Amino acid sequence: MNKQLACLFFLILCACETAPNPNPEVRYYGALKNMMHKGDISASVDLSTLKDLEHLYGLGAVKGLKGEVLIWDSQYLIAQKKNNQLQLSNQSDHKATLFVCSQVAEWSEHVIPQEVKTYQELEDFLGEFVHSQGLSNEHPFPFLLEGRFTRADWHVIDWADGDMEHSHEKHITSGLHSRLSDERAAVLGFYSTSHQGIFTHHSSKMHLHIRSLEGDFAAHLDDLILGDGVVLKLPDLGVGNEGLGMSITE
């Protein structure tokens with residue numbers, strides 16, 4: 001009997017380990033831990049190799065930590081500090097030190113409960129809610145937010161050449177940084193329980209970038225307080241997302 005139970009347990013374990021991932025494929029290039037511990041801010045991907053991918057959503061940091069990358073439905077928004085002001089470029093001819101991306105053609109919409117307000121509350125809510133939509137919180141997935149933000153703290157990194165001492169605080173304060181208050185905006189995020197130190201910070205399961213609805217502002221999002229009625233968008237499985245492969249020309 002013990003042997004039969006052992007065999008059953010082994011089969012269940014194997015089934016769990018080989019369970020298919022229902023989430024859209026998420027790819028990443030570079031790793032935060034390489035920046036923090038090794039000072040490696042070299043290019044990990046040429047963003048121009050992605051320009052022909054449809055419905056691409058991605059975020060990260062420009063090579064050398066000289067700006068922020070946001071790709072929204074294949075539209076490039078490269079935010080950099082120029083003459084002490086925020087400058088946006090729609091050009092794809094940039095390289096990224098860190099980048100995470102996915103392709104999503106259709107999204108399902110859900111109003112976030114009013115009691116979910118803070119960064120941590122949003123992270124906790126996502127981890128529980130995705131199961132109801134057929135997604136897995138054991139695999140990374142992209143999501144969108146749209147609505148009014150009571151507060152949104154942001155930065156656009158502009159790393160000093162030759163500086164090898166990295167910290168989360170210095171990444172926030174090295175370039176432009178400020179706060180939006182009571183404004184409507186949109187956010188792209190990636191959630192993962194297993195990529196801390198890769199594309200999320202070691203203390204978080206999320207990496208977020210924010211943009212204006214008009215597309216004339218984009219930045220890394222450090223902290224937030226959600227207003228009422230913010231809409232969460234999750235990949236709509238099986239609706240327009242079939243066959244979207246991350247076929248990338250190196």
# chains A, B, ... in the order shown; residues from 1 in each chain; ligands from 1

call {"tool": "residues_around", "arguments": {"residues": "Ser108 (chain A)", "least_positions_apart": "5", "cutoff": "7 Å", "atoms": "only C-alpha atoms", "output": "VMD selection string"}}
result
chain A and resid 233 to 236

call {"tool": "write_last_selection", "arguments": {"atoms": "N, CA and C atoms", "output": "short mmCIF file (atom, residue, chain, number, x, y, z; two decimals), in the first residue's frame"}}
result
data_model
loop_
_atom_site.label_atom_id
_atom_site.label_comp_id
_atom_site.auth_asym_id
_atom_site.auth_seq_id
_atom_site.Cartn_x
_atom_site.Cartn_y
_atom_site.Cartn_z
N LYS A 233 -7.30 45.40 -16.65
CA LYS A 233 -7.42 44.61 -17.88
C LYS A 233 -6.45 43.44 -17.82
N LEU A 234 -6.99 42.24 -18.06
CA LEU A 234 -6.20 41.02 -18.08
C LEU A 234 -6.30 40.38 -19.45
N PRO A 235 -5.28 39.63 -19.87
CA PRO A 235 -5.35 38.95 -21.16
C PRO A 235 -6.61 38.08 -21.25
N ASP A 236 -7.36 38.27 -22.33
CA ASP A 236 -8.59 37.52 -22.55
C ASP A 236 -8.22 36.22 -23.27
#

call {"tool": "residues_around", "arguments": {"residues": "region 31-47 of chain A", "least_positions_apart": "2", "cutoff": "8 Å", "atoms": "only C-alpha atoms", "output": "PyMOL selection string"}}
result
chain A and resi 29+49-51+62-65+92-99+164-167+197-201

call {"tool": "select_by_dssp", "arguments": {"residues": "region 28-150 of chain A", "states": "strand (DSSP E)", "output": "number ranges by chain"}}
result
A: 28-29, 45-46, 56-62, 68-72, 75-82, 85-89, 95-103, 107-111, 141-150

call {"tool": "write_last_selection", "arguments": {"atoms": "N, CA and C atoms", "output": "compact mmCIF listing (two decimals), in the first residue's frame"}}
result
# COMPACT_ATOMS: atom_id res chain seq x y z
N TYR A 28 11.78 37.99 -21.05
CA TYR A 28 12.53 39.05 -20.40
C TYR A 28 13.99 38.97 -20.83
N TYR A 29 14.65 40.13 -20.75
CA TYR A 29 16.04 40.28 -21.16
C TYR A 29 16.76 41.08 -20.09
N VAL A 45 19.02 43.65 -25.16
CA VAL A 45 18.17 43.43 -26.33
C VAL A 45 18.13 44.70 -27.18
N ASP A 46 18.13 44.51 -28.47
CA ASP A 46 17.95 45.59 -29.43
C ASP A 46 16.45 45.72 -29.69
N LEU A 56 2.28 44.16 -29.08
CA LEU A 56 3.37 43.98 -28.12
C LEU A 56 3.24 44.97 -26.98
N TYR A 57 3.38 44.47 -25.77
CA TYR A 57 3.40 45.30 -24.56
C TYR A 57 4.68 44.98 -23.80
N GLY A 58 5.45 46.01 -23.46
CA GLY A 58 6.70 45.75 -22.78
C GLY A 58 7.18 46.97 -22.01
N LEU A 59 8.07 46.73 -21.06
CA LEU A 59 8.63 47.83 -20.26
C LEU A 59 10.04 47.46 -19.81
N GLY A 60 10.80 48.48 -19.48
CA GLY A 60 12.16 48.24 -19.02
C GLY A 60 12.95 49.53 -18.95
N ALA A 61 14.28 49.40 -19.07
CA ALA A 61 15.19 50.55 -18.96
C ALA A 61 16.12 50.59 -20.16
N VAL A 62 16.40 51.79 -20.64
CA VAL A 62 17.30 51.99 -21.77
C VAL A 62 18.73 51.57 -21.39
N GLU A 68 13.64 55.29 -19.68
CA GLU A 68 12.66 54.23 -19.45
C GLU A 68 12.04 53.81 -20.77
N VAL A 69 11.74 52.52 -20.88
CA VAL A 69 11.12 51.95 -22.07
C VAL A 69 9.68 51.55 -21.74
N LEU A 70 8.76 51.96 -22.60
CA LEU A 70 7.38 51.49 -22.54
C LEU A 70 6.91 51.24 -23.97
N ILE A 71 6.47 50.02 -24.23
CA ILE A 71 5.86 49.69 -25.53
C ILE A 71 4.42 49.30 -25.24
N TRP A 72 3.50 50.01 -25.88
CA TRP A 72 2.06 49.85 -25.60
C TRP A 72 1.35 49.53 -26.91
N GLN A 75 3.32 50.42 -29.83
CA GLN A 75 3.73 51.82 -29.92
C GLN A 75 4.86 52.08 -28.93
N TYR A 76 5.97 52.59 -29.41
CA TYR A 76 7.14 52.85 -28.57
C TYR A 76 7.01 54.20 -27.86
N LEU A 77 7.29 54.20 -26.56
CA LEU A 77 7.38 55.42 -25.78
C LEU A 77 8.67 55.34 -24.97
N ILE A 78 9.71 56.01 -25.44
CA ILE A 78 11.01 56.02 -24.78
C ILE A 78 11.15 57.35 -24.04
N ALA A 79 11.18 57.27 -22.71
CA ALA A 79 11.24 58.48 -21.89
C ALA A 79 12.66 58.69 -21.40
N GLN A 80 13.21 59.90 -21.62
CA GLN A 80 14.57 60.22 -21.21
C GLN A 80 14.65 61.65 -20.68
N LYS A 81 15.66 61.88 -19.86
CA LYS A 81 15.91 63.22 -19.34
C LYS A 81 16.81 63.96 -20.33
N LYS A 82 16.33 65.06 -20.85
CA LYS A 82 17.09 65.91 -21.77
C LYS A 82 16.94 67.36 -21.33
N GLN A 85 14.55 68.05 -18.59
CA GLN A 85 13.13 67.88 -18.87
C GLN A 85 12.87 66.49 -19.43
N LEU A 86 11.62 66.05 -19.35
CA LEU A 86 11.23 64.76 -19.90
C LEU A 86 11.06 64.86 -21.40
N GLN A 87 11.73 63.97 -22.12
CA GLN A 87 11.61 63.93 -23.57
C GLN A 87 11.15 62.54 -23.98
N LEU A 88 10.14 62.48 -24.85
CA LEU A 88 9.62 61.21 -25.33
C LEU A 88 10.00 61.00 -26.78
N SER A 89 10.34 59.74 -27.10
CA SER A 89 10.64 59.36 -28.48
C SER A 89 9.79 58.15 -28.84
N LYS A 95 18.41 50.43 -27.49
CA LYS A 95 18.71 49.15 -26.86
C LYS A 95 18.36 49.24 -25.38
N ALA A 96 18.01 48.10 -24.80
CA ALA A 96 17.57 48.09 -23.41
C ALA A 96 18.49 47.25 -22.55
N THR A 97 18.74 47.74 -21.34
CA THR A 97 19.47 46.97 -20.33
C THR A 97 18.57 45.90 -19.73
N LEU A 98 17.32 46.27 -19.45
CA LEU A 98 16.33 45.37 -18.89
C LEU A 98 15.04 45.54 -19.68
N PHE A 99 14.39 44.43 -20.01
CA PHE A 99 13.14 44.52 -20.77
C PHE A 99 12.33 43.26 -20.55
N VAL A 100 11.01 43.44 -20.33
CA VAL A 100 10.08 42.32 -20.20
C VAL A 100 8.88 42.63 -21.09
N CYS A 101 8.37 41.61 -21.79
CA CYS A 101 7.33 41.88 -22.77
C CYS A 101 6.42 40.68 -23.00
N SER A 102 5.28 40.95 -23.61
CA SER A 102 4.32 39.92 -23.98
C SER A 102 3.45 40.47 -25.10
N GLN A 103 2.79 39.58 -25.83
CA GLN A 103 1.85 39.97 -26.88
C GLN A 103 0.43 39.63 -26.45
N TRP A 107 -8.17 42.10 -24.34
CA TRP A 107 -8.15 42.16 -22.88
C TRP A 107 -9.56 42.08 -22.33
N SER A 108 -9.71 41.45 -21.19
CA SER A 108 -10.98 41.47 -20.46
C SER A 108 -10.91 42.57 -19.40
N GLU A 109 -12.03 43.24 -19.15
CA GLU A 109 -12.05 44.39 -18.25
C GLU A 109 -12.78 44.08 -16.95
N HIS A 110 -12.22 44.58 -15.86
CA HIS A 110 -12.78 44.33 -14.53
C HIS A 110 -12.55 45.58 -13.67
N VAL A 111 -13.59 46.02 -12.97
CA VAL A 111 -13.45 47.17 -12.08
C VAL A 111 -12.83 46.70 -10.77
N PHE A 141 2.51 37.23 -15.82
CA PHE A 141 1.49 37.69 -16.76
C PHE A 141 1.48 39.22 -16.80
N PRO A 142 1.06 39.79 -17.94
CA PRO A 142 0.93 41.24 -18.05
C PRO A 142 -0.48 41.68 -17.64
N PHE A 143 -0.62 42.94 -17.28
CA PHE A 143 -1.93 43.51 -16.98
C PHE A 143 -1.89 45.01 -17.24
N LEU A 144 -3.07 45.60 -17.40
CA LEU A 144 -3.21 47.03 -17.61
C LEU A 144 -4.12 47.62 -16.53
N LEU A 145 -3.89 48.88 -16.21
CA LEU A 145 -4.78 49.65 -15.35
C LEU A 145 -5.15 50.93 -16.08
N GLU A 146 -6.39 51.35 -15.93
CA GLU A 146 -6.80 52.61 -16.54
C GLU A 146 -7.84 53.29 -15.66
N GLY A 147 -7.63 54.57 -15.40
CA GLY A 147 -8.58 55.31 -14.59
C GLY A 147 -7.92 56.46 -13.87
N ARG A 148 -8.54 56.89 -12.78
CA ARG A 148 -8.03 58.03 -12.02
C ARG A 148 -7.17 57.53 -10.86
N PHE A 149 -5.99 58.11 -10.75
CA PHE A 149 -5.06 57.76 -9.68
C PHE A 149 -5.02 58.90 -8.68
N THR A 150 -5.30 58.57 -7.43
CA THR A 150 -5.22 59.57 -6.37
C THR A 150 -3.78 60.05 -6.22

call {"tool": "atom_distance", "arguments": {"atom1": "CA of Leu53 (chain A)", "atom2": "CA of Leu188 (chain A)"}}
result
17.4 Å

call {"tool": "atom_distance", "arguments": {"atom1": "CA of Gly215 (chain A)", "atom2": "CA of Val26 (chain A)"}}
result
23.8 Å

call {"tool": "closest_residue", "arguments": {"among": "A:Asp222, A:Glu138, A:Glu214, A:Asp158", "to": "Ser178 (chain A)", "atoms": "only C-alpha atoms"}}
result
A:Asp222

call {"tool": "residues_around", "arguments": {"residues": "Ile172 (chain A)", "least_positions_apart": "3", "cutoff": "10 Å", "atoms": "only C-alpha atoms", "output": "mmCIF file with N, CA, C and O atoms, in the first residue's frame"}}
result
data_model
loop_
_atom_site.group_PDB
_atom_site.id
_atom_site.type_symbol
_atom_site.label_atom_id
_atom_site.label_comp_id
_atom_site.auth_asym_id
_atom_site.auth_seq_id
_atom_site.Cartn_x
_atom_site.Cartn_y
_atom_site.Cartn_z
ATOM 1 N N ASP A 153 3.566 58.026 -7.856
ATOM 2 C CA ASP A 153 4.964 58.453 -7.763
ATOM 3 C C ASP A 153 5.752 57.820 -8.901
ATOM 4 O O ASP A 153 5.707 56.592 -9.086
ATOM 5 N N TRP A 154 6.502 58.623 -9.639
ATOM 6 C CA TRP A 154 7.172 58.116 -10.831
ATOM 7 C C TRP A 154 8.618 58.619 -10.907
ATOM 8 O O TRP A 154 8.990 59.575 -10.246
ATOM 9 N N HIS A 155 9.415 57.938 -11.759
ATOM 10 C CA HIS A 155 10.753 58.436 -12.070
ATOM 11 C C HIS A 155 11.145 58.030 -13.493
ATOM 12 O O HIS A 155 10.597 57.073 -14.055
ATOM 13 N N VAL A 156 12.071 58.782 -14.032
ATOM 14 C CA VAL A 156 12.734 58.455 -15.301
ATOM 15 C C VAL A 156 14.225 58.446 -15.020
ATOM 16 O O VAL A 156 14.815 59.497 -14.731
ATOM 17 N N ILE A 157 14.835 57.292 -15.076
ATOM 18 C CA ILE A 157 16.219 57.137 -14.644
ATOM 19 C C ILE A 157 17.188 57.821 -15.609
ATOM 20 O O ILE A 157 16.969 57.843 -16.833
ATOM 21 N N ASP A 158 18.244 58.401 -15.041
ATOM 22 C CA ASP A 158 19.323 59.009 -15.823
ATOM 23 C C ASP A 158 20.619 58.761 -15.056
ATOM 24 O O ASP A 158 21.128 59.633 -14.355
ATOM 25 N N TRP A 159 21.151 57.569 -15.199
ATOM 26 C CA TRP A 159 22.268 57.103 -14.382
ATOM 27 C C TRP A 159 23.555 57.829 -14.731
ATOM 28 O O TRP A 159 23.856 58.049 -15.916
ATOM 29 N N SER A 167 21.554 51.202 -6.039
ATOM 30 C CA SER A 167 20.562 50.958 -5.006
ATOM 31 C C SER A 167 19.204 51.348 -5.566
ATOM 32 O O SER A 167 19.107 52.135 -6.528
ATOM 33 N N HIS A 168 18.159 50.813 -4.956
ATOM 34 C CA HIS A 168 16.808 51.142 -5.402
ATOM 35 C C HIS A 168 16.550 52.635 -5.271
ATOM 36 O O HIS A 168 15.979 53.268 -6.171
ATOM 37 N N GLU A 169 16.985 53.222 -4.161
ATOM 38 C CA GLU A 169 16.771 54.649 -3.937
ATOM 39 C C GLU A 169 17.500 55.494 -4.974
ATOM 40 O O GLU A 169 16.942 56.475 -5.497
ATOM 41 N N GLY A 175 17.496 60.554 -11.849
ATOM 42 C CA GLY A 175 17.027 61.362 -12.966
ATOM 43 C C GLY A 175 15.859 62.237 -12.561
ATOM 44 O O GLY A 175 15.889 62.907 -11.532
ATOM 45 N N LEU A 176 14.821 62.235 -13.368
ATOM 46 C CA LEU A 176 13.609 62.979 -13.051
ATOM 47 C C LEU A 176 12.709 62.130 -12.162
ATOM 48 O O LEU A 176 12.572 60.925 -12.367
ATOM 49 N N HIS A 177 12.083 62.751 -11.193
ATOM 50 C CA HIS A 177 11.129 62.028 -10.350
ATOM 51 C C HIS A 177 10.145 63.023 -9.756
ATOM 52 O O HIS A 177 10.506 64.154 -9.408
ATOM 53 N N SER A 178 8.875 62.608 -9.680
ATOM 54 C CA SER A 178 7.853 63.501 -9.167
ATOM 55 C C SER A 178 6.605 62.677 -8.825
ATOM 56 O O SER A 178 6.668 61.450 -8.740
ATOM 57 N N HIS A 220 8.591 55.191 -15.184
ATOM 58 C CA HIS A 220 8.510 54.059 -14.262
ATOM 59 C C HIS A 220 7.629 54.470 -13.088
ATOM 60 O O HIS A 220 7.759 55.580 -12.555
ATOM 61 N N LEU A 221 6.733 53.579 -12.654
ATOM 62 C CA LEU A 221 5.828 53.874 -11.550
ATOM 63 C C LEU A 221 6.360 53.230 -10.270
ATOM 64 O O LEU A 221 6.520 52.009 -10.198
ATOM 65 N N ASP A 222 6.633 54.050 -9.257
ATOM 66 C CA ASP A 222 7.226 53.582 -8.010
ATOM 67 C C ASP A 222 6.195 53.245 -6.940
ATOM 68 O O ASP A 222 6.377 52.292 -6.178
#

call {"tool": "closest_residue", "arguments": {"among": "A:Ser132, A:Gln120, A:Thr173, A:Asn84", "to": "Met206 (chain A)", "atoms": "only C-alpha atoms"}}
result
A:Gln120

call {"tool": "closest_residue", "arguments": {"among": "A:Gln133, A:Ser48, A:Ser174, A:Gln114", "to": "Val231 (chain A)", "atoms": "only C-alpha atoms"}}
result
A:Gln114

call {"tool": "closest_residue", "arguments": {"among": "A:Asn21, A:Asn83, A:Ser204, A:Ser74", "to": "His55 (chain A)", "atoms": "only C-alpha atoms"}}
result
A:Ser74

call {"tool": "decode", "arguments": {"residues": "region 209-220 of chain A", "atoms": "all heavy atoms", "output": "PDB file, in the first residue's frame"}}
result
ATOM      1  N   HIS A 209       4.907  50.533 -15.281  1.00  0.00           N
ATOM      2  CA  HIS A 209       5.204  51.804 -15.927  1.00  0.00           C
ATOM      3  C   HIS A 209       3.884  52.515 -16.204  1.00  0.00           C
ATOM      4  O   HIS A 209       2.873  51.877 -16.501  1.00  0.00           O
ATOM      5  CB  HIS A 209       5.971  51.602 -17.238  1.00  0.00           C
ATOM      6  CG  HIS A 209       7.425  51.354 -17.034  1.00  0.00           C
ATOM      7  ND1 HIS A 209       8.383  51.679 -17.980  1.00  0.00           N
ATOM      8  CD2 HIS A 209       8.120  50.819 -15.999  1.00  0.00           C
ATOM      9  CE1 HIS A 209       9.591  51.349 -17.538  1.00  0.00           C
ATOM     10  NE2 HIS A 209       9.453  50.833 -16.330  1.00  0.00           N
ATOM     11  N   ILE A 210       3.912  53.842 -16.114  1.00  0.00           N
ATOM     12  CA  ILE A 210       2.715  54.658 -16.271  1.00  0.00           C
ATOM     13  C   ILE A 210       2.829  55.541 -17.501  1.00  0.00           C
ATOM     14  O   ILE A 210       3.935  55.924 -17.905  1.00  0.00           O
ATOM     15  CB  ILE A 210       2.474  55.516 -14.997  1.00  0.00           C
ATOM     16  CG1 ILE A 210       1.108  56.191 -15.028  1.00  0.00           C
ATOM     17  CG2 ILE A 210       3.616  56.529 -14.784  1.00  0.00           C
ATOM     18  CD1 ILE A 210       0.710  56.821 -13.690  1.00  0.00           C
ATOM     19  N   ARG A 211       1.687  55.857 -18.091  1.00  0.00           N
ATOM     20  CA  ARG A 211       1.644  56.777 -19.228  1.00  0.00           C
ATOM     21  C   ARG A 211       0.388  57.631 -19.120  1.00  0.00           C
ATOM     22  O   ARG A 211      -0.599  57.263 -18.465  1.00  0.00           O
ATOM     23  CB  ARG A 211       1.623  56.023 -20.554  1.00  0.00           C
ATOM     24  CG  ARG A 211       0.446  55.082 -20.698  1.00  0.00           C
ATOM     25  CD  ARG A 211       0.277  54.558 -22.107  1.00  0.00           C
ATOM     26  NE  ARG A 211      -0.200  55.606 -22.998  1.00  0.00           N
ATOM     27  CZ  ARG A 211      -0.455  55.404 -24.301  1.00  0.00           C
ATOM     28  NH1 ARG A 211      -0.256  54.213 -24.836  1.00  0.00           N
ATOM     29  NH2 ARG A 211      -0.905  56.373 -25.051  1.00  0.00           N
ATOM     30  N   SER A 212       0.421  58.794 -19.769  1.00  0.00           N
ATOM     31  CA  SER A 212      -0.792  59.592 -19.896  1.00  0.00           C
ATOM     32  C   SER A 212      -1.685  58.939 -20.939  1.00  0.00           C
ATOM     33  O   SER A 212      -1.223  58.197 -21.813  1.00  0.00           O
ATOM     34  CB  SER A 212      -0.446  61.025 -20.319  1.00  0.00           C
ATOM     35  OG  SER A 212       0.144  61.020 -21.609  1.00  0.00           O
ATOM     36  N   LEU A 213      -2.974  59.214 -20.873  1.00  0.00           N
ATOM     37  CA  LEU A 213      -3.897  58.651 -21.853  1.00  0.00           C
ATOM     38  C   LEU A 213      -3.642  59.214 -23.242  1.00  0.00           C
ATOM     39  O   LEU A 213      -3.940  58.566 -24.246  1.00  0.00           O
ATOM     40  CB  LEU A 213      -5.341  58.921 -21.422  1.00  0.00           C
ATOM     41  CG  LEU A 213      -5.763  58.289 -20.089  1.00  0.00           C
ATOM     42  CD1 LEU A 213      -7.214  58.627 -19.782  1.00  0.00           C
ATOM     43  CD2 LEU A 213      -5.563  56.785 -20.116  1.00  0.00           C
ATOM     44  N   GLU A 214      -3.060  60.420 -23.298  1.00  0.00           N
ATOM     45  CA  GLU A 214      -2.752  61.038 -24.592  1.00  0.00           C
ATOM     46  C   GLU A 214      -1.413  60.568 -25.155  1.00  0.00           C
ATOM     47  O   GLU A 214      -1.074  60.867 -26.291  1.00  0.00           O
ATOM     48  CB  GLU A 214      -2.739  62.570 -24.449  1.00  0.00           C
ATOM     49  CG  GLU A 214      -4.075  63.189 -24.085  1.00  0.00           C
ATOM     50  CD  GLU A 214      -4.417  63.009 -22.619  1.00  0.00           C
ATOM     51  OE1 GLU A 214      -3.499  62.747 -21.804  1.00  0.00           O
ATOM     52  OE2 GLU A 214      -5.612  63.117 -22.287  1.00  0.00           O
ATOM     53  N   GLY A 215      -0.615  59.884 -24.337  1.00  0.00           N
ATOM     54  CA  GLY A 215       0.656  59.375 -24.812  1.00  0.00           C
ATOM     55  C   GLY A 215       1.768  60.392 -24.828  1.00  0.00           C
ATOM     56  O   GLY A 215       2.797  60.188 -25.481  1.00  0.00           O
ATOM     57  N   ASP A 216       1.617  61.517 -24.085  1.00  0.00           N
ATOM     58  CA  ASP A 216       2.673  62.532 -24.063  1.00  0.00           C
ATOM     59  C   ASP A 216       3.478  62.492 -22.775  1.00  0.00           C
ATOM     60  O   ASP A 216       4.242  63.400 -22.464  1.00  0.00           O
ATOM     61  CB  ASP A 216       2.085  63.931 -24.271  1.00  0.00           C
ATOM     62  CG  ASP A 216       0.999  64.277 -23.244  1.00  0.00           C
ATOM     63  OD1 ASP A 216       0.703  63.420 -22.376  1.00  0.00           O
ATOM     64  OD2 ASP A 216       0.444  65.381 -23.322  1.00  0.00           O
ATOM     65  N   PHE A 217       3.318  61.410 -21.999  1.00  0.00           N
ATOM     66  CA  PHE A 217       4.064  61.230 -20.758  1.00  0.00           C
ATOM     67  C   PHE A 217       4.200  59.737 -20.498  1.00  0.00           C
ATOM     68  O   PHE A 217       3.260  58.958 -20.682  1.00  0.00           O
ATOM     69  CB  PHE A 217       3.336  61.893 -19.578  1.00  0.00           C
ATOM     70  CG  PHE A 217       3.874  61.489 -18.233  1.00  0.00           C
ATOM     71  CD1 PHE A 217       5.014  62.083 -17.716  1.00  0.00           C
ATOM     72  CD2 PHE A 217       3.251  60.491 -17.479  1.00  0.00           C
ATOM     73  CE1 PHE A 217       5.512  61.700 -16.480  1.00  0.00           C
ATOM     74  CE2 PHE A 217       3.737  60.111 -16.252  1.00  0.00           C
ATOM     75  CZ  PHE A 217       4.881  60.713 -15.744  1.00  0.00           C
ATOM     76  N   ALA A 218       5.392  59.317 -20.066  1.00  0.00           N
ATOM     77  CA  ALA A 218       5.625  57.919 -19.701  1.00  0.00           C
ATOM     78  C   ALA A 218       6.766  57.878 -18.699  1.00  0.00           C
ATOM     79  O   ALA A 218       7.693  58.690 -18.766  1.00  0.00           O
ATOM     80  CB  ALA A 218       5.963  57.073 -20.927  1.00  0.00           C
ATOM     81  N   ALA A 219       6.701  56.926 -17.754  1.00  0.00           N
ATOM     82  CA  ALA A 219       7.722  56.834 -16.714  1.00  0.00           C
ATOM     83  C   ALA A 219       7.578  55.506 -15.986  1.00  0.00           C
ATOM     84  O   ALA A 219       6.582  54.788 -16.145  1.00  0.00           O
ATOM     85  CB  ALA A 219       7.582  57.990 -15.722  1.00  0.00           C
ATOM     86  N   HIS A 220       8.591  55.191 -15.184  1.00  0.00           N
ATOM     87  CA  HIS A 220       8.510  54.059 -14.262  1.00  0.00           C
ATOM     88  C   HIS A 220       7.629  54.470 -13.088  1.00  0.00           C
ATOM     89  O   HIS A 220       7.759  55.580 -12.555  1.00  0.00           O
ATOM     90  CB  HIS A 220       9.907  53.700 -13.763  1.00  0.00           C
ATOM     91  CG  HIS A 220       9.939  52.565 -12.786  1.00  0.00           C
ATOM     92  ND1 HIS A 220      10.301  51.284 -13.135  1.00  0.00           N
ATOM     93  CD2 HIS A 220       9.640  52.519 -11.472  1.00  0.00           C
ATOM     94  CE1 HIS A 220      10.231  50.507 -12.068  1.00  0.00           C
ATOM     95  NE2 HIS A 220       9.826  51.238 -11.046  1.00  0.00           N
TER      96      HIS A 220
END
